[in-house]
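This report refers to the structure that appears directly beneath it.
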Amino acid sequence: AEQVVAYITEEVGEPCVVVGQSNLCTVALEAAALDPEAVKGVVLLGPPAVEALSLDKSPEAIAKVWRIVGSPVGAALFRFARRKPFLASFSKKNLFANPALVDDDYLDVCAAGAADAATRHAVFSFVAGTWRQDYRPLLAALATPTLV
(Lines give C-alpha, C1' and ligand atoms only; values in the text may rest on other atoms or scores of the structure.)
Protein backbone atom coordinates (compact mmCIF):
# COMPACT_ATOMS: atom_id res chain seq x y z
CA ALA A 1 0.00 0.00 0.00
CA GLU A 2 2.85 2.36 0.79
CA GLN A 3 4.39 1.67 -2.63
CA VAL A 4 1.06 2.36 -4.36
CA VAL A 5 0.69 5.69 -2.56
CA ALA A 6 4.32 6.59 -3.31
CA TYR A 7 3.80 5.78 -7.00
CA ILE A 8 0.69 7.95 -7.16
CA THR A 9 2.37 10.81 -5.32
CA GLU A 10 5.80 10.72 -6.99
CA GLU A 11 5.04 9.47 -10.50
CA VAL A 12 1.40 10.18 -11.34
CA GLY A 13 1.19 13.45 -9.44
CA GLU A 14 -2.59 13.53 -9.04
CA PRO A 15 -5.24 11.51 -7.20
CA CYS A 16 -6.09 8.15 -8.76
CA VAL A 17 -8.60 5.36 -8.63
CA VAL A 18 -6.80 2.25 -7.42
CA VAL A 19 -7.90 -1.15 -8.73
CA GLY A 20 -7.22 -4.32 -6.77
CA GLN A 21 -7.95 -7.87 -7.94
CA SER A 22 -8.39 -10.95 -5.73
CA ASN A 23 -6.28 -10.80 -2.57
CA LEU A 24 -4.62 -7.61 -3.85
CA CYS A 25 -7.90 -5.87 -3.08
CA THR A 26 -6.47 -5.56 0.40
CA VAL A 27 -3.60 -3.45 -0.95
CA ALA A 28 -6.06 -1.10 -2.66
CA LEU A 29 -8.06 -0.78 0.56
CA GLU A 30 -4.96 -0.12 2.64
CA ALA A 31 -3.73 2.49 0.15
CA ALA A 32 -7.07 4.32 0.39
CA ALA A 33 -6.90 4.26 4.18
CA LEU A 34 -3.25 5.33 4.17
CA ASP A 35 -3.74 8.39 1.94
CA PRO A 36 -7.34 9.27 1.04
CA GLU A 37 -6.10 12.39 -0.78
CA ALA A 38 -4.02 10.30 -3.21
CA VAL A 39 -6.62 7.55 -3.65
CA LYS A 40 -9.85 9.13 -4.84
CA GLY A 41 -11.58 5.82 -5.44
CA VAL A 42 -11.17 2.07 -5.15
CA VAL A 43 -12.35 -0.70 -7.48
CA LEU A 44 -12.29 -4.23 -6.08
CA LEU A 45 -12.37 -7.00 -8.71
CA GLY A 46 -13.16 -10.44 -7.34
CA PRO A 47 -12.33 -9.59 -3.74
CA PRO A 48 -11.89 -12.39 -1.23
CA ALA A 49 -14.95 -13.41 0.76
CA VAL A 50 -15.68 -11.36 3.87
CA GLU A 51 -14.72 -14.42 5.92
CA ALA A 52 -11.23 -14.33 4.41
CA LEU A 53 -10.99 -10.60 5.09
CA SER A 54 -11.84 -11.08 8.75
CA LEU A 55 -9.26 -13.70 9.69
CA ASP A 56 -6.12 -12.73 11.53
CA LYS A 57 -2.97 -14.72 10.84
CA SER A 58 -0.45 -14.78 13.68
CA PRO A 59 3.20 -13.89 13.00
CA GLU A 60 4.15 -17.37 14.23
CA ALA A 61 1.86 -19.03 11.67
CA ILE A 62 3.29 -16.85 8.89
CA ALA A 63 6.89 -17.68 9.92
CA LYS A 64 6.01 -21.39 9.87
CA VAL A 65 4.71 -21.08 6.30
CA TRP A 66 7.95 -19.43 5.13
CA ARG A 67 10.10 -22.13 6.80
CA ILE A 68 8.14 -24.82 4.95
CA VAL A 69 8.17 -22.97 1.60
CA GLY A 70 11.95 -22.70 1.61
CA SER A 71 12.47 -26.38 2.34
CA PRO A 72 12.47 -29.48 0.10
CA VAL A 73 9.07 -30.30 1.61
CA GLY A 74 7.78 -26.94 0.32
CA ALA A 75 9.10 -27.68 -3.16
CA ALA A 76 7.37 -31.09 -3.14
CA LEU A 77 4.10 -29.58 -1.88
CA PHE A 78 4.25 -27.00 -4.65
CA ARG A 79 4.74 -29.68 -7.30
CA PHE A 80 1.62 -31.40 -5.94
CA ALA A 81 -0.42 -28.20 -5.59
CA ARG A 82 0.22 -26.95 -9.12
CA ARG A 83 -1.51 -29.97 -10.67
CA LYS A 84 -4.83 -29.19 -12.36
CA PRO A 85 -6.91 -31.53 -10.17
CA PHE A 86 -5.65 -29.81 -7.02
CA LEU A 87 -6.08 -26.34 -8.52
CA ALA A 88 -9.66 -27.20 -9.50
CA SER A 89 -10.54 -28.63 -6.09
CA PHE A 90 -8.94 -25.75 -4.16
CA SER A 91 -10.53 -23.11 -6.38
CA LYS A 92 -13.99 -24.65 -6.13
CA LYS A 93 -13.81 -24.99 -2.35
CA ASN A 94 -12.02 -21.75 -1.46
CA LEU A 95 -12.04 -19.15 -4.22
CA PHE A 96 -15.24 -19.23 -6.24
CA ALA A 97 -18.72 -18.48 -4.94
CA ASN A 98 -20.02 -20.51 -7.88
CA PRO A 99 -17.80 -23.61 -8.33
CA ALA A 100 -19.25 -24.19 -11.82
CA LEU A 101 -17.22 -21.17 -12.98
CA VAL A 102 -13.95 -23.05 -12.46
CA ASP A 103 -13.35 -23.99 -16.09
CA ASP A 104 -10.46 -25.22 -18.24
CA ASP A 105 -9.49 -21.69 -19.32
CA TYR A 106 -9.10 -20.61 -15.69
CA LEU A 107 -7.19 -23.78 -14.79
CA ASP A 108 -4.87 -23.35 -17.80
CA VAL A 109 -3.97 -19.84 -16.61
CA CYS A 110 -3.32 -21.15 -13.09
CA ALA A 111 -1.21 -24.05 -14.35
CA ALA A 112 0.82 -21.78 -16.64
CA GLY A 113 1.51 -19.40 -13.77
CA ALA A 114 2.63 -22.28 -11.57
CA ALA A 115 4.94 -23.86 -14.17
CA ASP A 116 7.98 -22.07 -12.70
CA ALA A 117 8.89 -23.43 -9.25
CA ALA A 118 10.31 -20.01 -8.35
CA THR A 119 6.72 -18.76 -8.10
CA ARG A 120 5.99 -21.02 -5.16
CA HIS A 121 6.58 -18.26 -2.62
CA ALA A 122 3.77 -16.15 -4.05
CA VAL A 123 1.50 -19.17 -4.36
CA PHE A 124 2.12 -20.29 -0.77
CA SER A 125 1.67 -16.74 0.48
CA PHE A 126 -1.76 -16.65 -1.12
CA VAL A 127 -2.85 -20.16 -0.19
CA ALA A 128 -1.59 -19.92 3.38
CA GLY A 129 -3.19 -16.52 3.82
CA THR A 130 -0.06 -14.75 5.03
CA TRP A 131 -1.69 -11.53 3.81
CA ARG A 132 -4.70 -12.00 6.07
CA GLN A 133 -5.68 -9.72 8.86
CA ASP A 134 -9.04 -8.49 10.07
CA TYR A 135 -10.04 -5.87 7.47
CA ARG A 136 -13.53 -5.29 8.91
CA PRO A 137 -12.53 -2.14 10.88
CA LEU A 138 -10.84 -0.68 7.78
CA LEU A 139 -13.88 -1.44 5.63
CA ALA A 140 -16.22 0.13 8.18
CA ALA A 141 -14.14 3.32 8.43
CA LEU A 142 -13.31 3.73 4.73
CA ALA A 143 -14.80 6.93 3.33
CA THR A 144 -13.27 6.58 -0.15
CA PRO A 145 -15.82 5.71 -2.86
CA THR A 146 -15.51 1.99 -3.51
CA LEU A 147 -16.92 -0.16 -6.31
CA VAL A 148 -17.04 -3.93 -5.78
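Residue numbering restarts at 1 in every chain; chains get A, B, ... in the order shown in the C-alpha coordinates, and ligands count up from 1 in that same order.
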Practice task
Within chain A, find each residue whose DSSP state, derived from the backbone, is strand (DSSP E), and express the selection as a ChimeraX atom specification.
Solution key: /A:16-21,39-45,146-147
Got a sec: who's within 7 Å of stretch 22-32 of chain A, counting only C-alpha atoms, leaving out chain neighbours fewer than 2 positions off, as an mmCIF file with all heavy atoms, in the first residue's frame?
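Output file result_6.cif follows:
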```cif
data_model
loop_
_atom_site.group_PDB
_atom_site.id
_atom_site.type_symbol
_atom_site.label_atom_id
_atom_site.label_comp_id
_atom_site.auth_asym_id
_atom_site.auth_seq_id
_atom_site.Cartn_x
_atom_site.Cartn_y
_atom_site.Cartn_z
ATOM 1 N N ALA A 1 0.826 -1.188 0.000
ATOM 2 C CA ALA A 1 0.000 0.000 0.000
ATOM 3 C C ALA A 1 0.874 1.257 0.000
ATOM 4 O O ALA A 1 0.560 2.227 -0.691
ATOM 5 C CB ALA A 1 -0.946 -0.011 1.186
ATOM 6 N N GLU A 2 1.943 1.209 0.755
ATOM 7 C CA GLU A 2 2.849 2.359 0.788
ATOM 8 C C GLU A 2 3.472 2.599 -0.589
ATOM 9 O O GLU A 2 3.637 3.749 -1.008
ATOM 10 C CB GLU A 2 3.927 2.154 1.844
ATOM 11 C CG GLU A 2 3.379 2.182 3.257
ATOM 12 C CD GLU A 2 4.389 1.735 4.294
ATOM 13 O OE1 GLU A 2 5.496 1.288 3.925
ATOM 14 O OE2 GLU A 2 4.048 1.821 5.487
ATOM 15 N N VAL A 4 2.111 1.839 -3.485
ATOM 16 C CA VAL A 4 1.056 2.363 -4.358
ATOM 17 C C VAL A 4 0.908 3.861 -4.137
ATOM 18 O O VAL A 4 0.863 4.640 -5.089
ATOM 19 C CB VAL A 4 -0.287 1.626 -4.104
ATOM 20 C CG1 VAL A 4 -1.434 2.319 -4.818
ATOM 21 C CG2 VAL A 4 -0.188 0.175 -4.531
ATOM 22 N N VAL A 5 0.835 4.267 -2.879
ATOM 23 C CA VAL A 5 0.689 5.689 -2.562
ATOM 24 C C VAL A 5 1.919 6.470 -3.036
ATOM 25 O O VAL A 5 1.782 7.558 -3.610
ATOM 26 C CB VAL A 5 0.428 5.899 -1.055
ATOM 27 C CG1 VAL A 5 0.532 7.367 -0.672
ATOM 28 C CG2 VAL A 5 -0.935 5.334 -0.675
ATOM 29 N N VAL A 18 -7.650 3.419 -7.547
ATOM 30 C CA VAL A 18 -6.798 2.245 -7.425
ATOM 31 C C VAL A 18 -7.656 0.990 -7.594
ATOM 32 O O VAL A 18 -8.699 0.864 -6.959
ATOM 33 C CB VAL A 18 -6.069 2.223 -6.057
ATOM 34 C CG1 VAL A 18 -5.261 0.943 -5.893
ATOM 35 C CG2 VAL A 18 -5.163 3.443 -5.928
ATOM 36 N N VAL A 19 -7.193 0.096 -8.458
ATOM 37 C CA VAL A 19 -7.904 -1.151 -8.733
ATOM 38 C C VAL A 19 -7.121 -2.295 -8.106
ATOM 39 O O VAL A 19 -5.910 -2.412 -8.305
ATOM 40 C CB VAL A 19 -8.056 -1.372 -10.255
ATOM 41 C CG1 VAL A 19 -8.760 -2.693 -10.537
ATOM 42 C CG2 VAL A 19 -8.790 -0.204 -10.899
ATOM 43 N N GLY A 20 -7.821 -3.135 -7.358
ATOM 44 C CA GLY A 20 -7.218 -4.324 -6.771
ATOM 45 C C GLY A 20 -8.005 -5.542 -7.208
ATOM 46 O O GLY A 20 -9.229 -5.498 -7.307
ATOM 47 N N LEU A 34 -4.531 4.688 3.897
ATOM 48 C CA LEU A 34 -3.249 5.331 4.171
ATOM 49 C C LEU A 34 -3.219 6.784 3.696
ATOM 50 O O LEU A 34 -2.728 7.671 4.394
ATOM 51 C CB LEU A 34 -2.123 4.528 3.510
ATOM 52 C CG LEU A 34 -0.695 4.958 3.753
ATOM 53 C CD1 LEU A 34 -0.344 4.804 5.225
ATOM 54 C CD2 LEU A 34 0.243 4.103 2.900
ATOM 55 N N ASP A 35 -3.761 7.030 2.496
ATOM 56 C CA ASP A 35 -3.741 8.388 1.941
ATOM 57 C C ASP A 35 -4.992 8.641 1.106
ATOM 58 O O ASP A 35 -4.970 8.515 -0.122
ATOM 59 C CB ASP A 35 -2.490 8.602 1.099
ATOM 60 C CG ASP A 35 -2.263 10.056 0.728
ATOM 61 O OD1 ASP A 35 -3.219 10.864 0.809
ATOM 62 O OD2 ASP A 35 -1.129 10.394 0.352
ATOM 63 N N PRO A 36 -6.080 9.037 1.764
ATOM 64 C CA PRO A 36 -7.336 9.272 1.037
ATOM 65 C C PRO A 36 -7.253 10.422 0.029
ATOM 66 O O PRO A 36 -8.064 10.491 -0.884
ATOM 67 C CB PRO A 36 -8.345 9.600 2.142
ATOM 68 C CG PRO A 36 -7.683 9.315 3.431
ATOM 69 C CD PRO A 36 -6.224 9.182 3.192
ATOM 70 N N VAL A 39 -5.731 8.589 -3.111
ATOM 71 C CA VAL A 39 -6.618 7.554 -3.651
ATOM 72 C C VAL A 39 -8.040 8.098 -3.620
ATOM 73 O O VAL A 39 -8.685 8.134 -2.580
ATOM 74 C CB VAL A 39 -6.512 6.249 -2.833
ATOM 75 C CG1 VAL A 39 -7.432 5.182 -3.413
ATOM 76 C CG2 VAL A 39 -5.071 5.748 -2.812
ATOM 77 N N VAL A 42 -11.684 3.435 -5.166
ATOM 78 C CA VAL A 42 -11.165 2.071 -5.147
ATOM 79 C C VAL A 42 -12.125 1.185 -5.938
ATOM 80 O O VAL A 42 -13.346 1.305 -5.798
ATOM 81 C CB VAL A 42 -11.048 1.541 -3.697
ATOM 82 C CG1 VAL A 42 -10.634 0.084 -3.675
ATOM 83 C CG2 VAL A 42 -10.071 2.381 -2.892
ATOM 84 N N LEU A 44 -12.683 -2.900 -6.545
ATOM 85 C CA LEU A 44 -12.290 -4.234 -6.083
ATOM 86 C C LEU A 44 -12.861 -5.272 -7.041
ATOM 87 O O LEU A 44 -14.069 -5.428 -7.147
ATOM 88 C CB LEU A 44 -12.820 -4.463 -4.665
ATOM 89 C CG LEU A 44 -12.424 -3.412 -3.627
ATOM 90 C CD1 LEU A 44 -13.074 -3.730 -2.286
ATOM 91 C CD2 LEU A 44 -10.920 -3.304 -3.497
ATOM 92 N N LEU A 45 -11.969 -5.965 -7.759
ATOM 93 C CA LEU A 45 -12.372 -7.000 -8.713
ATOM 94 C C LEU A 45 -12.171 -8.369 -8.081
ATOM 95 O O LEU A 45 -11.057 -8.731 -7.731
ATOM 96 C CB LEU A 45 -11.534 -6.905 -9.985
ATOM 97 C CG LEU A 45 -11.577 -5.580 -10.737
ATOM 98 C CD1 LEU A 45 -10.576 -5.593 -11.877
ATOM 99 C CD2 LEU A 45 -12.972 -5.325 -11.256
ATOM 100 N N GLY A 46 -13.247 -9.093 -7.920
ATOM 101 C CA GLY A 46 -13.156 -10.436 -7.343
ATOM 102 C C GLY A 46 -12.505 -10.456 -5.986
ATOM 103 O O GLY A 46 -11.588 -11.242 -5.755
ATOM 104 N N PRO A 47 -12.968 -9.606 -5.060
ATOM 105 C CA PRO A 47 -12.325 -9.595 -3.741
ATOM 106 C C PRO A 47 -12.553 -10.903 -2.995
ATOM 107 O O PRO A 47 -13.515 -11.618 -3.268
ATOM 108 C CB PRO A 47 -13.033 -8.438 -3.022
ATOM 109 C CG PRO A 47 -14.354 -8.326 -3.682
ATOM 110 C CD PRO A 47 -14.119 -8.704 -5.125
ATOM 111 N N PRO A 48 -11.670 -11.199 -2.045
ATOM 112 C CA PRO A 48 -11.886 -12.391 -1.226
ATOM 113 C C PRO A 48 -13.200 -12.278 -0.453
ATOM 114 O O PRO A 48 -13.704 -11.176 -0.215
ATOM 115 C CB PRO A 48 -10.698 -12.384 -0.258
ATOM 116 C CG PRO A 48 -9.680 -11.507 -0.900
ATOM 117 C CD PRO A 48 -10.444 -10.503 -1.699
ATOM 118 N N THR A 144 -13.564 6.497 1.281
ATOM 119 C CA THR A 144 -13.270 6.578 -0.151
ATOM 120 C C THR A 144 -14.334 5.830 -0.941
ATOM 121 O O THR A 144 -14.685 4.708 -0.592
ATOM 122 C CB THR A 144 -11.878 5.955 -0.429
ATOM 123 O OG1 THR A 144 -10.919 6.608 0.402
ATOM 124 C CG2 THR A 144 -11.499 6.086 -1.876
#
```
Handout entry: helix (DSSP H, G or I) positions in chain A, given as a PyMOL selection string
Key = chain A and resi 2-12+22-34+52-54+59-69+72-81+84-94+99-101+104-113+117-128+136-141
Handout entry: d(atom CA of A:Phe90, atom CA of A:Ala140) in Å
Key =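 Result for atom CA of A:Phe90 versus atom CA of A:Ala140: 29.6 Å, one decimal.
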Problem - Non-local contacts of A:Tyr106 (12 Å; only C-alpha atoms; under 2 positions in same chain excluded) as a PyMOL selection string - result: chain A and resi 84+87-88+91-92+95-96+99-104+108-113
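By only C-alpha atoms, and with residues fewer than 2 positions from A:Lys57 along its chain excluded, the set lying at most 7 Å from it is Leu55, Pro59, Ala61, Ile62, Thr130, Arg132 and Gln133 of chain A.
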Exercise for the section: Write out as a ChimeraX atom specification the residues lying within 10 Å of A:Arg79, counting only C-alpha atoms and excluding same-chain residues fewer than 2 positions away. Expected result: /A:73-77,81-83,114-117,120
Print the selection's residues with N, CA and C atoms to a file, as a PDB file, in the first residue's frame.
```
ATOM      1  N   VAL A  73      10.483 -29.940   1.421  1.00  0.00           N
ATOM      2  CA  VAL A  73       9.074 -30.298   1.607  1.00  0.00           C
ATOM      3  C   VAL A  73       8.189 -29.276   0.893  1.00  0.00           C
ATOM      4  N   GLY A  74       8.539 -27.996   1.006  1.00  0.00           N
ATOM      5  CA  GLY A  74       7.780 -26.943   0.320  1.00  0.00           C
ATOM      6  C   GLY A  74       7.821 -27.114  -1.185  1.00  0.00           C
ATOM      7  N   ALA A  75       8.985 -27.464  -1.716  1.00  0.00           N
ATOM      8  CA  ALA A  75       9.098 -27.683  -3.163  1.00  0.00           C
ATOM      9  C   ALA A  75       8.225 -28.858  -3.602  1.00  0.00           C
ATOM     10  N   ALA A  76       8.203 -29.920  -2.808  1.00  0.00           N
ATOM     11  CA  ALA A  76       7.367 -31.086  -3.141  1.00  0.00           C
ATOM     12  C   ALA A  76       5.877 -30.737  -3.051  1.00  0.00           C
ATOM     13  N   LEU A  77       5.500 -30.000  -2.012  1.00  0.00           N
ATOM     14  CA  LEU A  77       4.104 -29.579  -1.885  1.00  0.00           C
ATOM     15  C   LEU A  77       3.676 -28.727  -3.074  1.00  0.00           C
ATOM     16  N   ALA A  81       0.643 -29.210  -5.565  1.00  0.00           N
ATOM     17  CA  ALA A  81      -0.425 -28.202  -5.585  1.00  0.00           C
ATOM     18  C   ALA A  81      -0.611 -27.547  -6.951  1.00  0.00           C
ATOM     19  N   ARG A  82       0.378 -27.606  -7.813  1.00  0.00           N
ATOM     20  CA  ARG A  82       0.219 -26.953  -9.115  1.00  0.00           C
ATOM     21  C   ARG A  82      -0.431 -27.862 -10.163  1.00  0.00           C
ATOM     22  N   ARG A  83      -0.800 -29.079  -9.756  1.00  0.00           N
ATOM     23  CA  ARG A  83      -1.510 -29.974 -10.670  1.00  0.00           C
ATOM     24  C   ARG A  83      -2.949 -29.481 -10.857  1.00  0.00           C
ATOM     25  N   ALA A 114       1.943 -21.435 -12.551  1.00  0.00           N
ATOM     26  CA  ALA A 114       2.628 -22.279 -11.574  1.00  0.00           C
ATOM     27  C   ALA A 114       3.717 -23.144 -12.200  1.00  0.00           C
ATOM     28  N   ALA A 115       3.951 -23.018 -13.499  1.00  0.00           N
ATOM     29  CA  ALA A 115       4.943 -23.863 -14.171  1.00  0.00           C
ATOM     30  C   ALA A 115       6.352 -23.634 -13.637  1.00  0.00           C
ATOM     31  N   ASP A 116       6.652 -22.421 -13.209  1.00  0.00           N
ATOM     32  CA  ASP A 116       7.977 -22.072 -12.699  1.00  0.00           C
ATOM     33  C   ASP A 116       7.993 -22.263 -11.181  1.00  0.00           C
ATOM     34  N   ALA A 117       8.831 -23.154 -10.686  1.00  0.00           N
ATOM     35  CA  ALA A 117       8.890 -23.430  -9.247  1.00  0.00           C
ATOM     36  C   ALA A 117       9.294 -22.204  -8.437  1.00  0.00           C
ATOM     37  N   ARG A 120       6.651 -20.370  -6.289  1.00  0.00           N
ATOM     38  CA  ARG A 120       5.993 -21.023  -5.161  1.00  0.00           C
ATOM     39  C   ARG A 120       5.832 -20.109  -3.956  1.00  0.00           C
TER      40      ARG A 120
END
```
